[in-house]
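Asks: What follows is work-v8.cif, mmCIF, C-alpha atoms.
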data_data
#
loop_
_atom_site.group_PDB
_atom_site.id
_atom_site.type_symbol
_atom_site.label_atom_id
_atom_site.label_comp_id
_atom_site.auth_asym_id
_atom_site.auth_seq_id
_atom_site.Cartn_x
_atom_site.Cartn_y
_atom_site.Cartn_z
ATOM 1 C CA MET E 1 -6.703 12.707 -17.774
ATOM 2 C CA ASP E 2 -3.537 14.121 -19.314
ATOM 3 C CA PHE E 3 -0.870 11.956 -17.669
ATOM 4 C CA LYS E 4 1.965 14.322 -18.538
ATOM 5 C CA ILE E 5 0.188 17.046 -16.577
ATOM 6 C CA ALA E 6 -0.596 14.613 -13.747
ATOM 7 C CA ARG E 7 3.043 13.524 -13.502
ATOM 8 C CA THR E 8 4.224 17.164 -13.446
ATOM 9 C CA LYS E 9 1.748 18.071 -10.697
ATOM 10 C CA LEU E 10 2.666 15.039 -8.604
ATOM 11 C CA ILE E 11 6.365 15.885 -8.922
ATOM 12 C CA GLU E 12 5.488 19.353 -7.574
ATOM 13 C CA TYR E 13 3.585 17.842 -4.644
ATOM 14 C CA LEU E 14 6.414 15.448 -3.795
ATOM 15 C CA ASN E 15 8.891 18.325 -3.900
ATOM 16 C CA SER E 16 6.635 20.243 -1.538
ATOM 17 C CA ALA E 17 6.400 17.245 0.824
ATOM 18 C CA ILE E 18 10.204 17.052 0.928
ATOM 19 C CA ASN E 19 11.148 20.727 1.021
ATOM 20 C CA ASP E 20 8.186 22.638 2.470
ATOM 21 C CA VAL E 21 6.774 20.273 5.082
ATOM 22 C CA GLU E 22 8.650 19.675 8.332
ATOM 23 C CA LEU E 23 8.163 16.006 9.170
ATOM 24 C CA ARG E 24 7.286 15.688 12.854
ATOM 25 C CA LYS E 25 5.740 12.273 13.425
ATOM 26 C CA VAL E 26 5.314 8.903 11.722
ATOM 27 C CA ILE E 27 2.191 6.954 12.662
ATOM 28 C CA PHE E 28 2.218 3.235 11.834
ATOM 29 C CA ALA E 29 -1.103 1.711 10.706
ATOM 30 C CA TYR E 30 -1.457 -2.019 11.337
ATOM 31 C CA ASP E 31 -3.659 -4.826 10.039
ATOM 32 C CA LYS E 32 -5.185 -5.698 13.426
ATOM 33 C CA PRO E 33 -7.470 -5.256 15.246
ATOM 34 C CA LEU E 34 -10.019 -5.095 12.462
ATOM 35 C CA PRO E 35 -12.942 -2.660 12.314
ATOM 36 C CA GLU E 36 -16.535 -3.819 12.265
ATOM 37 C CA GLU E 37 -17.240 -1.634 9.207
ATOM 38 C CA PRO E 38 -16.372 -2.820 5.679
ATOM 39 C CA PHE E 39 -13.052 -1.504 4.367
ATOM 40 C CA ASN E 40 -10.855 -1.778 1.298
ATOM 41 C CA LYS E 41 -7.984 -4.205 1.662
ATOM 42 C CA HIS E 42 -4.473 -3.033 0.767
ATOM 43 C CA SER E 43 -1.956 -5.848 0.863
ATOM 44 C CA HIS E 44 0.856 -3.420 0.094
ATOM 45 C CA PHE E 45 2.936 -0.873 1.924
ATOM 46 C CA ARG E 46 1.837 2.722 1.450
ATOM 47 C CA LEU E 47 2.004 6.144 3.042
ATOM 48 C CA SER E 48 -0.459 8.978 3.379
ATOM 49 C CA MET E 49 0.021 12.607 4.364
ATOM 50 C CA VAL E 50 -1.527 16.041 3.935
ATOM 51 C CA LEU E 51 0.430 18.980 2.569
ATOM 52 C CA SER E 52 -2.034 21.617 3.754
ATOM 53 C CA GLY E 53 -5.168 21.684 5.859
ATOM 54 C CA SER E 54 -6.074 18.685 8.017
ATOM 55 C CA ASP E 55 -8.173 15.556 7.982
ATOM 56 C CA ARG E 56 -8.976 12.515 10.102
ATOM 57 C CA MET E 57 -8.924 8.759 9.649
ATOM 58 C CA ILE E 58 -9.558 5.666 11.725
ATOM 59 C CA ILE E 59 -6.739 3.106 11.850
ATOM 60 C CA SER E 60 -5.352 0.242 13.890
ATOM 61 C CA LYS E 61 -2.622 1.855 15.994
ATOM 62 C CA ASP E 62 -0.484 0.017 18.532
ATOM 63 C CA GLY E 63 -3.097 -2.624 19.247
ATOM 64 C CA LYS E 64 -6.137 -0.323 19.356
ATOM 65 C CA ILE E 65 -8.559 1.168 16.865
ATOM 66 C CA GLU E 66 -8.150 4.939 17.000
ATOM 67 C CA GLN E 67 -9.265 8.063 15.196
ATOM 68 C CA ILE E 68 -6.213 10.130 14.379
ATOM 69 C CA GLU E 69 -5.660 13.661 13.140
ATOM 70 C CA ILE E 70 -3.451 14.127 10.100
ATOM 71 C CA ASN E 71 -1.992 17.524 9.302
ATOM 72 C CA PRO E 72 1.233 18.714 7.680
ATOM 73 C CA GLY E 73 4.184 16.956 9.289
ATOM 74 C CA ARG E 74 2.285 13.828 10.385
ATOM 75 C CA VAL E 75 2.752 10.853 8.037
ATOM 76 C CA VAL E 76 0.789 7.604 8.204
ATOM 77 C CA PHE E 77 2.801 4.586 7.066
ATOM 78 C CA PHE E 78 0.643 1.538 6.384
ATOM 79 C CA LEU E 79 2.186 -1.831 7.066
ATOM 80 C CA TYR E 80 1.210 -4.934 5.097
ATOM 81 C CA ASN E 81 -2.608 -5.192 5.081
ATOM 82 C CA GLY E 82 -2.832 -1.991 7.127
ATOM 83 C CA TRP E 83 -6.290 -0.452 6.822
ATOM 84 C CA ALA E 84 -7.940 2.932 7.228
ATOM 85 C CA LEU E 85 -11.490 4.241 7.383
ATOM 86 C CA PRO E 86 -12.341 7.822 6.414
ATOM 87 C CA VAL E 87 -14.115 10.143 8.820
ATOM 88 C CA PHE E 88 -17.016 12.109 7.368
ATOM 89 C CA PRO E 89 -17.387 14.816 6.444
ATOM 90 C CA PRO E 90 -13.867 15.199 5.001
ATOM 91 C CA ARG E 91 -12.038 18.375 5.958
ATOM 92 C CA ALA E 92 -10.353 20.831 3.628
ATOM 93 C CA ALA E 93 -6.933 19.406 2.808
ATOM 94 C CA THR E 94 -4.411 18.625 0.093
ATOM 95 C CA HIS E 95 -3.640 14.909 0.293
ATOM 96 C CA LEU E 96 -0.671 12.963 -1.054
ATOM 97 C CA SER E 97 -0.374 9.186 -1.018
ATOM 98 C CA LEU E 98 2.029 6.583 -2.381
ATOM 99 C CA VAL E 99 1.269 2.883 -2.856
ATOM 100 C CA PHE E 100 4.189 0.521 -3.420
ATOM 101 C CA TYR E 101 3.083 -2.410 -5.560
ATOM 102 C CA GLU E 102 5.404 -5.221 -6.658
ATOM 103 C CA ASP E 103 5.531 -3.991 -10.235
ATOM 104 C CA PHE E 104 4.652 -0.291 -10.107
ATOM 105 C CA MET E 105 4.214 2.681 -7.804
ATOM 106 C CA ARG E 106 0.932 4.587 -7.586
ATOM 107 C CA VAL E 107 1.139 8.288 -6.724
ATOM 108 C CA VAL E 108 -2.086 10.156 -5.941
ATOM 109 C CA SER E 109 -2.938 13.666 -4.817
ATOM 110 C CA SER E 110 -6.320 15.210 -4.133
ATOM 111 C CA ILE E 111 -7.673 18.544 -2.976
ATOM 112 C CA VAL E 112 -10.842 18.619 -0.860
ATOM 113 C CA LYS E 113 -12.760 21.777 0.022
ATOM 114 C CA ASP E 114 -16.125 22.138 1.744
ATOM 115 C CA GLY E 115 -16.460 18.358 1.844
ATOM 116 C CA GLU E 116 -16.120 18.049 -1.941
ATOM 117 C CA LEU E 117 -13.320 16.646 -4.094
ATOM 118 C CA ILE E 118 -12.042 19.569 -6.172
ATOM 119 C CA VAL E 119 -9.279 17.920 -8.167
ATOM 120 C CA LYS E 120 -7.447 14.588 -8.205
ATOM 121 C CA TYR E 121 -4.244 13.543 -9.965
ATOM 122 C CA TRP E 122 -2.947 9.988 -10.186
ATOM 123 C CA TYR E 123 -0.057 8.366 -11.970
ATOM 124 C CA HIS E 124 1.459 4.881 -12.178
ATOM 125 C CA THR E 125 5.160 4.386 -12.781
ATOM 126 C CA ASP E 126 6.387 1.839 -15.278
ATOM 127 C CA ARG E 127 8.059 -0.280 -12.608
ATOM 128 C CA SER E 128 8.264 -0.726 -8.846
ATOM 129 C CA ILE E 129 10.217 1.639 -6.624
ATOM 130 C CA CYS E 130 13.984 1.167 -6.940
ATOM 131 C CA ARG E 131 16.037 -1.162 -4.760
ATOM 132 C CA LEU E 132 16.930 1.626 -2.320
ATOM 133 C CA GLY E 133 13.237 2.360 -1.820
ATOM 134 C CA ILE E 134 12.538 -1.326 -1.175
ATOM 135 C CA HIS E 135 15.249 -1.396 1.494
ATOM 136 C CA VAL E 136 13.776 1.715 3.144
ATOM 137 C CA ILE E 137 10.304 0.134 3.210
ATOM 138 C CA GLN E 138 11.766 -3.025 4.751
ATOM 139 C CA ALA E 139 13.540 -0.920 7.373
ATOM 140 C CA LEU E 140 10.304 0.895 8.239
ATOM 141 C CA ASN E 141 8.538 -2.451 8.540
ATOM 142 C CA SER E 142 11.196 -3.670 10.976
ATOM 143 C CA LEU E 143 11.168 -0.419 12.909
ATOM 144 C CA ALA E 144 7.404 -0.595 13.491
ATOM 145 C CA GLY E 145 7.910 -3.248 16.153
ATOM 146 C CA LYS E 146 10.336 -1.153 18.198
ATOM 147 C CA THR E 147 9.496 1.370 20.908
ATOM 148 C CA ASP E 148 12.391 3.739 20.238
ATOM 149 C CA ARG E 149 11.595 4.478 16.599
ATOM 150 C CA GLU E 150 10.612 8.137 16.230
ATOM 151 C CA GLU E 151 13.856 9.709 15.021
ATOM 152 C CA ARG E 152 14.815 6.877 12.700
ATOM 153 C CA SER E 153 11.319 6.576 11.214
ATOM 154 C CA LEU E 154 11.323 10.284 10.300
ATOM 155 C CA LEU E 155 14.657 9.908 8.516
ATOM 156 C CA LEU E 156 13.442 6.837 6.675
ATOM 157 C CA ILE E 157 10.209 8.525 5.550
ATOM 158 C CA LYS E 158 12.209 11.491 4.247
ATOM 159 C CA THR E 159 14.478 9.089 2.344
ATOM 160 C CA LEU E 160 11.469 7.230 0.960
ATOM 161 C CA LEU E 161 9.888 10.461 -0.312
ATOM 162 C CA ILE E 162 13.147 11.540 -1.973
ATOM 163 C CA THR E 163 13.565 8.122 -3.578
ATOM 164 C CA ALA E 164 9.962 8.117 -4.836
ATOM 165 C CA LEU E 165 10.477 11.577 -6.324
ATOM 166 C CA GLU E 166 13.611 10.487 -8.160
ATOM 167 C CA ASP E 167 11.828 7.416 -9.511
ATOM 168 C CA LEU E 168 8.890 9.520 -10.678
ATOM 169 C CA GLU E 169 11.163 12.069 -12.360
ATOM 170 C CA ASN E 170 13.147 9.353 -14.132
ATOM 171 C CA ASP E 171 10.210 7.103 -14.902
ATOM 172 C CA ARG E 172 10.244 5.588 -18.374
ATOM 173 C CA ALA E 173 6.472 5.800 -18.448
ATOM 174 C CA GLY E 174 6.700 9.584 -18.547
ATOM 175 C CA GLU E 175 5.758 9.497 -22.188
ATOM 176 C CA SER E 176 3.629 6.373 -21.885
ATOM 177 C CA SER E 177 0.290 5.944 -23.524
ATOM 178 C CA LYS E 178 -3.063 6.149 -21.873
ATOM 179 C CA ALA E 179 -3.301 2.394 -22.455
ATOM 180 C CA ARG E 180 -0.495 1.533 -20.017
ATOM 181 C CA GLN E 181 -1.854 3.909 -17.374
ATOM 182 C CA THR E 182 -5.287 2.334 -17.787
ATOM 183 C CA TYR E 183 -3.751 -1.131 -17.417
ATOM 184 C CA HIS E 184 -2.152 -0.116 -14.112
ATOM 185 C CA LEU E 185 -5.422 1.476 -13.009
ATOM 186 C CA ILE E 186 -7.181 -1.854 -13.519
ATOM 187 C CA LYS E 187 -4.473 -3.680 -11.554
ATOM 188 C CA ASP E 188 -4.744 -1.138 -8.739
ATOM 189 C CA TYR E 189 -8.496 -1.801 -8.649
ATOM 190 C CA LEU E 190 -7.921 -5.555 -8.506
ATOM 191 C CA TYR E 191 -5.280 -5.293 -5.781
ATOM 192 C CA THR E 192 -7.764 -3.307 -3.685
ATOM 193 C CA ASN E 193 -10.941 -5.291 -4.385
ATOM 194 C CA TYR E 194 -9.922 -8.904 -5.102
ATOM 195 C CA HIS E 195 -11.458 -9.982 -1.772
ATOM 196 C CA ILE E 196 -14.994 -9.170 -2.911
ATOM 197 C CA ALA E 197 -17.098 -10.783 -5.622
ATOM 198 C CA ILE E 198 -15.832 -8.965 -8.717
ATOM 199 C CA ASN E 199 -15.296 -10.140 -12.273
ATOM 200 C CA ARG E 200 -14.299 -8.625 -15.585
ATOM 201 C CA GLU E 201 -17.833 -7.374 -16.238
ATOM 202 C CA SER E 202 -18.170 -5.593 -12.888
ATOM 203 C CA VAL E 203 -14.668 -4.089 -13.142
ATOM 204 C CA ALA E 204 -15.436 -2.793 -16.623
ATOM 205 C CA LYS E 205 -18.655 -1.237 -15.334
ATOM 206 C CA ASP E 206 -17.032 0.390 -12.281
ATOM 207 C CA LEU E 207 -14.094 1.794 -14.246
ATOM 208 C CA LYS E 208 -16.195 2.614 -17.316
ATOM 209 C CA ILE E 209 -13.951 0.519 -19.575
ATOM 210 C CA ASN E 210 -14.994 -1.901 -22.310
ATOM 211 C CA GLU E 211 -14.667 -5.558 -21.258
ATOM 212 C CA SER E 212 -12.819 -6.601 -24.390
ATOM 213 C CA TYR E 213 -10.400 -3.681 -23.925
ATOM 214 C CA ILE E 214 -9.501 -5.002 -20.468
ATOM 215 C CA SER E 215 -8.574 -8.357 -21.995
ATOM 216 C CA LYS E 216 -6.608 -6.593 -24.717
ATOM 217 C CA LEU E 217 -4.584 -4.609 -22.143
ATOM 218 C CA PHE E 218 -3.659 -7.723 -20.184
ATOM 219 C CA LYS E 219 -2.583 -9.441 -23.383
ATOM 220 C CA ALA E 220 -0.403 -6.459 -24.289
ATOM 221 C CA TYR E 221 1.225 -5.785 -20.919
ATOM 222 C CA SER E 222 1.021 -8.984 -18.870
ATOM 223 C CA ASN E 223 1.936 -12.634 -19.165
ATOM 224 C CA GLU E 224 -1.347 -13.440 -17.398
ATOM 225 C CA SER E 225 -4.932 -13.003 -18.487
ATOM 226 C CA PHE E 226 -7.317 -10.874 -16.427
ATOM 227 C CA ASN E 227 -8.940 -13.961 -14.911
ATOM 228 C CA ALA E 228 -5.595 -15.632 -14.157
ATOM 229 C CA PHE E 229 -4.273 -12.490 -12.436
ATOM 230 C CA LEU E 230 -7.397 -12.094 -10.283
ATOM 231 C CA LYS E 231 -7.376 -15.782 -9.394
ATOM 232 C CA ARG E 232 -3.712 -15.640 -8.358
ATOM 233 C CA LEU E 233 -4.359 -12.664 -6.056
ATOM 234 C CA ARG E 234 -7.184 -14.565 -4.392
ATOM 235 C CA MET E 235 -5.227 -17.803 -4.067
ATOM 236 C CA GLU E 236 -2.188 -16.063 -2.586
ATOM 237 C CA HIS E 237 -4.421 -14.274 -0.086
ATOM 238 C CA ALA E 238 -6.121 -17.553 0.804
ATOM 239 C CA ALA E 239 -2.729 -19.143 1.406
ATOM 240 C CA ARG E 240 -1.759 -16.276 3.737
ATOM 241 C CA LEU E 241 -5.002 -16.641 5.687
ATOM 242 C CA LEU E 242 -4.540 -20.398 5.982
ATOM 243 C CA THR E 243 -1.002 -19.857 7.262
ATOM 244 C CA ASP E 244 -1.437 -16.824 9.517
ATOM 245 C CA SER E 245 -4.988 -17.005 10.869
ATOM 246 C CA ARG E 246 -7.494 -19.311 12.496
ATOM 247 C CA SER E 247 -10.222 -18.304 10.053
ATOM 248 C CA THR E 248 -12.557 -21.103 9.005
ATOM 249 C CA ILE E 249 -12.654 -22.284 5.409
ATOM 250 C CA ASP E 250 -16.054 -20.612 5.025
ATOM 251 C CA GLU E 251 -14.625 -17.312 6.305
ATOM 252 C CA ILE E 252 -11.630 -17.567 3.979
ATOM 253 C CA THR E 253 -13.972 -18.305 1.080
ATOM 254 C CA PHE E 254 -15.849 -15.075 1.785
ATOM 255 C CA ASN E 255 -12.674 -13.028 2.364
ATOM 256 C CA CYS E 256 -11.212 -14.135 -0.970
ATOM 257 C CA GLY E 257 -14.184 -13.138 -3.099
ATOM 258 C CA PHE E 258 -15.687 -16.604 -3.655
ATOM 259 C CA GLY E 259 -19.416 -17.168 -3.359
ATOM 260 C CA SER E 260 -19.214 -20.921 -2.775
ATOM 261 C CA THR E 261 -16.995 -22.848 -0.357
ATOM 262 C CA THR E 262 -17.178 -25.896 -2.598
ATOM 263 C CA TYR E 263 -15.934 -23.897 -5.573
ATOM 264 C CA PHE E 264 -13.209 -22.255 -3.465
ATOM 265 C CA ILE E 265 -11.890 -25.636 -2.292
ATOM 266 C CA LYS E 266 -11.896 -26.931 -5.867
ATOM 267 C CA ALA E 267 -10.125 -23.802 -7.171
ATOM 268 C CA PHE E 268 -7.544 -23.877 -4.357
ATOM 269 C CA LYS E 269 -6.733 -27.551 -4.985
ATOM 270 C CA ALA E 270 -6.371 -26.903 -8.707
ATOM 271 C CA PHE E 271 -4.000 -23.995 -8.008
ATOM 272 C CA TYR E 272 -1.826 -25.482 -5.234
ATOM 273 C CA GLY E 273 -2.330 -29.211 -5.746
ATOM 274 C CA VAL E 274 -3.722 -29.787 -2.240
ATOM 275 C CA SER E 275 -6.938 -28.934 -0.442
ATOM 276 C CA PRO E 276 -7.042 -25.876 1.869
ATOM 277 C CA GLY E 277 -7.217 -28.160 4.912
ATOM 278 C CA ARG E 278 -4.125 -30.140 3.922
ATOM 279 C CA PHE E 279 -2.313 -26.925 3.012
ATOM 280 C CA ARG E 280 -3.018 -25.504 6.492
ATOM 281 C CA LYS E 281 -1.826 -28.661 8.244
ATOM 282 C CA ALA E 282 1.340 -28.837 6.123
ATOM 283 C CA THR E 283 2.300 -25.197 6.736
ATOM 284 C CA ALA E 284 1.528 -25.505 10.443
ATOM 285 C CA ALA E 285 3.757 -28.584 10.694
ATOM 286 C CA ALA E 286 6.521 -26.858 8.750
ATOM 287 C CA ASN E 287 6.340 -23.901 11.157
ATOM 288 C CA GLY E 288 6.355 -26.179 14.217
ATOM 289 C CA ASN E 289 2.752 -25.383 15.127
ATOM 290 C CA ILE E 290 0.135 -27.874 16.231
ATOM 291 C CA LEU E 291 -3.442 -27.341 15.074
#
What do you get writing this file as structure tokens?
Replies:
Amino acid sequence: MDFKIARTKLIEYLNSAINDVELRKVIFAYDKPLPEEPFNKHSHFRLSMVLSGSDRMIISKDGKIEQIEINPGRVVFFLYNGWALPVFPPRAATHLSLVFYEDFMRVVSSIVKDGELIVKYWYHTDRSICRLGIHVIQALNSLAGKTDREERSLLLIKTLLITALEDLENDRAGESSKARQTYHLIKDYLYTNYHIAINRESVAKDLKINESYISKLFKAYSNESFNAFLKRLRMEHAARLLTDSRSTIDEITFNCGFGSTTYFIKAFKAFYGVSPGRFRKATAAANGNIL
């Protein structure tokens, strides 16, 4: 992919979202209840909308699992760990989505016709969304718990789109190499799939990238190796599950991409200095909870 062309096209789509689409409703997608079907985890805030046509998705909405219609003017804002399932067959639509990672922003557009993907553009900025954008995301997160939120959420989404456009236009990665974009693509894949049993070999196969090249990219652009980065994602997710859920250790093992509970416990203790059980008891006590 020519990333200069992709960036130009995505700037056009963001301009269209801001100037040509009348925002009418913000739908908040939550992390619970969970669907019975497998789904990709996204432990990051993101938004999804269509610029033309219409489509459907299944989400967790206000305590229930619902199928919703998305058409121009309706924006889905995903809260932390918010999930979505596609509805098949896909309808004809031009999609635009933004994912707000800690260290970069992913912008994606796609055009679907007759159930087939016609064209897709994606681009990763060199850094996370600016401080204003972070504040807007935090405000949307706070607003999700309120009943009287419609007018303010529309204003915040409009501000978020404008801020994302400015960041994309001013992005230092505008002239970046394919190498940096590929590095961010790998990280996006890991952020989405760390909870399943993946490794460098399987990632290389799925993304059609040489294994040694993956290691080379992490050495060039990160202070962590591929394995260290993947392990940290899994350990941080395990810590969240131990703190915020009643999942068993076996369930957490499975949901963090480990094939063996014994190995998970050993890896967790090496990372945090305590066993998962002691970690859970300590955090529960610190939060005033009794297990």
Asks: Might you pull out every residue within 12 Å of Val26 (chain E), with only C-alpha atoms counted and same-chain residues fewer than 2 positions away left off, and present them as a ChimeraX atom specification?
Replies: /E:22-24,28-29,47-49,61,68,70-78,140,143-144,149-158
Asks: Let me see the file: selected residues, C-alpha atoms, as a PDB file, in the frame of the given file.
Replies:
ATOM      1  CA  GLU E  22       8.650  19.675   8.332  1.00  0.00           C
ATOM      2  CA  LEU E  23       8.163  16.006   9.170  1.00  0.00           C
ATOM      3  CA  ARG E  24       7.286  15.688  12.854  1.00  0.00           C
ATOM      4  CA  PHE E  28       2.218   3.235  11.834  1.00  0.00           C
ATOM      5  CA  ALA E  29      -1.103   1.711  10.706  1.00  0.00           C
ATOM      6  CA  LEU E  47       2.004   6.144   3.042  1.00  0.00           C
ATOM      7  CA  SER E  48      -0.459   8.978   3.379  1.00  0.00           C
ATOM      8  CA  MET E  49       0.021  12.607   4.364  1.00  0.00           C
ATOM      9  CA  LYS E  61      -2.622   1.855  15.994  1.00  0.00           C
ATOM     10  CA  ILE E  68      -6.213  10.130  14.379  1.00  0.00           C
ATOM     11  CA  ILE E  70      -3.451  14.127  10.100  1.00  0.00           C
ATOM     12  CA  ASN E  71      -1.992  17.524   9.302  1.00  0.00           C
ATOM     13  CA  PRO E  72       1.233  18.714   7.680  1.00  0.00           C
ATOM     14  CA  GLY E  73       4.184  16.956   9.289  1.00  0.00           C
ATOM     15  CA  ARG E  74       2.285  13.828  10.385  1.00  0.00           C
ATOM     16  CA  VAL E  75       2.752  10.853   8.037  1.00  0.00           C
ATOM     17  CA  VAL E  76       0.789   7.604   8.204  1.00  0.00           C
ATOM     18  CA  PHE E  77       2.801   4.586   7.066  1.00  0.00           C
ATOM     19  CA  PHE E  78       0.643   1.538   6.384  1.00  0.00           C
ATOM     20  CA  LEU E 140      10.304   0.895   8.239  1.00  0.00           C
ATOM     21  CA  LEU E 143      11.168  -0.419  12.909  1.00  0.00           C
ATOM     22  CA  ALA E 144       7.404  -0.595  13.491  1.00  0.00           C
ATOM     23  CA  ARG E 149      11.595   4.478  16.599  1.00  0.00           C
ATOM     24  CA  GLU E 150      10.612   8.137  16.230  1.00  0.00           C
ATOM     25  CA  GLU E 151      13.856   9.709  15.021  1.00  0.00           C
ATOM     26  CA  ARG E 152      14.815   6.877  12.700  1.00  0.00           C
ATOM     27  CA  SER E 153      11.319   6.576  11.214  1.00  0.00           C
ATOM     28  CA  LEU E 154      11.323  10.284  10.300  1.00  0.00           C
ATOM     29  CA  LEU E 155      14.657   9.908   8.516  1.00  0.00           C
ATOM     30  CA  LEU E 156      13.442   6.837   6.675  1.00  0.00           C
ATOM     31  CA  ILE E 157      10.209   8.525   5.550  1.00  0.00           C
ATOM     32  CA  LYS E 158      12.209  11.491   4.247  1.00  0.00           C
TER      33      LYS E 158
END
Asks: Residues picked by the PyMOL selection byres ((chain E and resi 192) around 9) here, as a PyMOL selection string?
Replies: chain E and resi 40-43+187-191+193-195
Asks: Taking the file as shown, what set of residues would the PyMOL selection byres ((chain E and resi 81-97) around 9) give back, as JSON, numbers by chain?
Replies: {"E": [10, 13, 14, 17, 28, 29, 30, 31, 32, 34, 35, 37, 38, 39, 40, 41, 42, 43, 44, 45, 46, 47, 48, 49, 50, 51, 52, 53, 54, 55, 56, 57, 58, 59, 60, 67, 71, 77, 78, 79, 80, 98, 99, 106, 107, 108, 109, 110, 111, 112, 113, 114, 115, 116]}
Asks: What do you get, as a ChimeraX atom specification, if you spell out every residue that the PyMOL selection byres ((chain E and resi 160) around 9) selects here?
Replies: /E:132-134,136-137,155-159,161-165
Asks: Can you work out which one of E:Asp250, E:Asp171, E:Glu102, E:Asp244 has the shortest atom-to-atom distance to Thr262 (chain E), counting all atoms listed in the file?
Replies: E:Asp250
Asks: CA of His124 (chain E) and CA of Ile214 (chain E) are how many Å apart?
Replies: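 Separating CA of His124 (chain E) from CA of Ile214 (chain E) is a distance of 16.9 Å.
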Asks: Need the neighbours of (-8.2, -20.9, 5.6): which residues are at most 8 Å away, counting all atoms listed in the file, as a count of residues only?
Replies: 17
Asks: List the neighbours of Arg127 (chain E) out to 12 Å using only C-alpha atoms; skip same-chain residues closer than 4 positions along the sequence, and give me the result as JSON, numbers by chain.
Replies: {"E": [100, 101, 102, 103, 104, 105, 106, 123, 131, 164, 167, 168, 170, 171, 172, 173, 174, 180, 181, 184]}
Asks: For the atom pair CA of Thr283 (chain E) and CA of Gly63 (chain E), what is the interatomic distance in Å to one decimal place?
Replies: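 Atom-to-atom, CA of Thr283 (chain E) and CA of Gly63 (chain E) are spaced 26.4 Å apart.
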Asks: Could you add whatever atoms are missing so that region 276-280 of chain E carries all heavy atoms, then write the result as a PDB file, in the frame of the given file?
Replies:
ATOM      1  N   PRO E 276      -7.374 -26.892   0.860  1.00  0.00           N
ATOM      2  CA  PRO E 276      -7.042 -25.876   1.869  1.00  0.00           C
ATOM      3  C   PRO E 276      -6.723 -26.495   3.230  1.00  0.00           C
ATOM      4  O   PRO E 276      -5.799 -26.042   3.923  1.00  0.00           O
ATOM      5  CB  PRO E 276      -8.308 -25.010   1.931  1.00  0.00           C
ATOM      6  CG  PRO E 276      -8.944 -25.171   0.595  1.00  0.00           C
ATOM      7  CD  PRO E 276      -8.661 -26.588   0.184  1.00  0.00           C
ATOM      8  N   GLY E 277      -7.469 -27.528   3.622  1.00  0.00           N
ATOM      9  CA  GLY E 277      -7.217 -28.160   4.912  1.00  0.00           C
ATOM     10  C   GLY E 277      -5.842 -28.795   4.984  1.00  0.00           C
ATOM     11  O   GLY E 277      -5.116 -28.634   5.977  1.00  0.00           O
ATOM     12  N   ARG E 278      -5.461 -29.514   3.946  1.00  0.00           N
ATOM     13  CA  ARG E 278      -4.125 -30.140   3.922  1.00  0.00           C
ATOM     14  C   ARG E 278      -3.027 -29.084   3.845  1.00  0.00           C
ATOM     15  O   ARG E 278      -1.958 -29.237   4.446  1.00  0.00           O
ATOM     16  CB  ARG E 278      -4.023 -31.104   2.748  1.00  0.00           C
ATOM     17  CG  ARG E 278      -4.811 -32.384   2.924  1.00  0.00           C
ATOM     18  CD  ARG E 278      -4.583 -33.355   1.776  1.00  0.00           C
ATOM     19  NE  ARG E 278      -5.274 -34.613   1.986  1.00  0.00           N
ATOM     20  CZ  ARG E 278      -4.792 -35.638   2.684  1.00  0.00           C
ATOM     21  NH1 ARG E 278      -3.589 -35.533   3.231  1.00  0.00           N
ATOM     22  NH2 ARG E 278      -5.480 -36.749   2.821  1.00  0.00           N
ATOM     23  N   PHE E 279      -3.286 -28.011   3.098  1.00  0.00           N
ATOM     24  CA  PHE E 279      -2.313 -26.925   3.012  1.00  0.00           C
ATOM     25  C   PHE E 279      -2.074 -26.329   4.393  1.00  0.00           C
ATOM     26  O   PHE E 279      -0.927 -26.085   4.790  1.00  0.00           O
ATOM     27  CB  PHE E 279      -2.833 -25.844   2.052  1.00  0.00           C
ATOM     28  CG  PHE E 279      -1.897 -24.686   1.848  1.00  0.00           C
ATOM     29  CD1 PHE E 279      -0.971 -24.685   0.813  1.00  0.00           C
ATOM     30  CD2 PHE E 279      -1.933 -23.574   2.691  1.00  0.00           C
ATOM     31  CE1 PHE E 279      -0.107 -23.621   0.626  1.00  0.00           C
ATOM     32  CE2 PHE E 279      -1.075 -22.503   2.511  1.00  0.00           C
ATOM     33  CZ  PHE E 279      -0.160 -22.530   1.470  1.00  0.00           C
ATOM     34  N   ARG E 280      -3.144 -26.085   5.142  1.00  0.00           N
ATOM     35  CA  ARG E 280      -3.018 -25.504   6.492  1.00  0.00           C
ATOM     36  C   ARG E 280      -2.236 -26.430   7.408  1.00  0.00           C
ATOM     37  O   ARG E 280      -1.348 -25.975   8.150  1.00  0.00           O
ATOM     38  CB  ARG E 280      -4.407 -25.215   7.052  1.00  0.00           C
ATOM     39  CG  ARG E 280      -4.413 -24.839   8.530  1.00  0.00           C
ATOM     40  CD  ARG E 280      -5.783 -24.371   8.960  1.00  0.00           C
ATOM     41  NE  ARG E 280      -5.896 -22.930   8.799  1.00  0.00           N
ATOM     42  CZ  ARG E 280      -7.040 -22.247   8.914  1.00  0.00           C
ATOM     43  NH1 ARG E 280      -8.161 -22.897   9.153  1.00  0.00           N
ATOM     44  NH2 ARG E 280      -7.054 -20.945   8.792  1.00  0.00           N
TER      45      ARG E 280
END
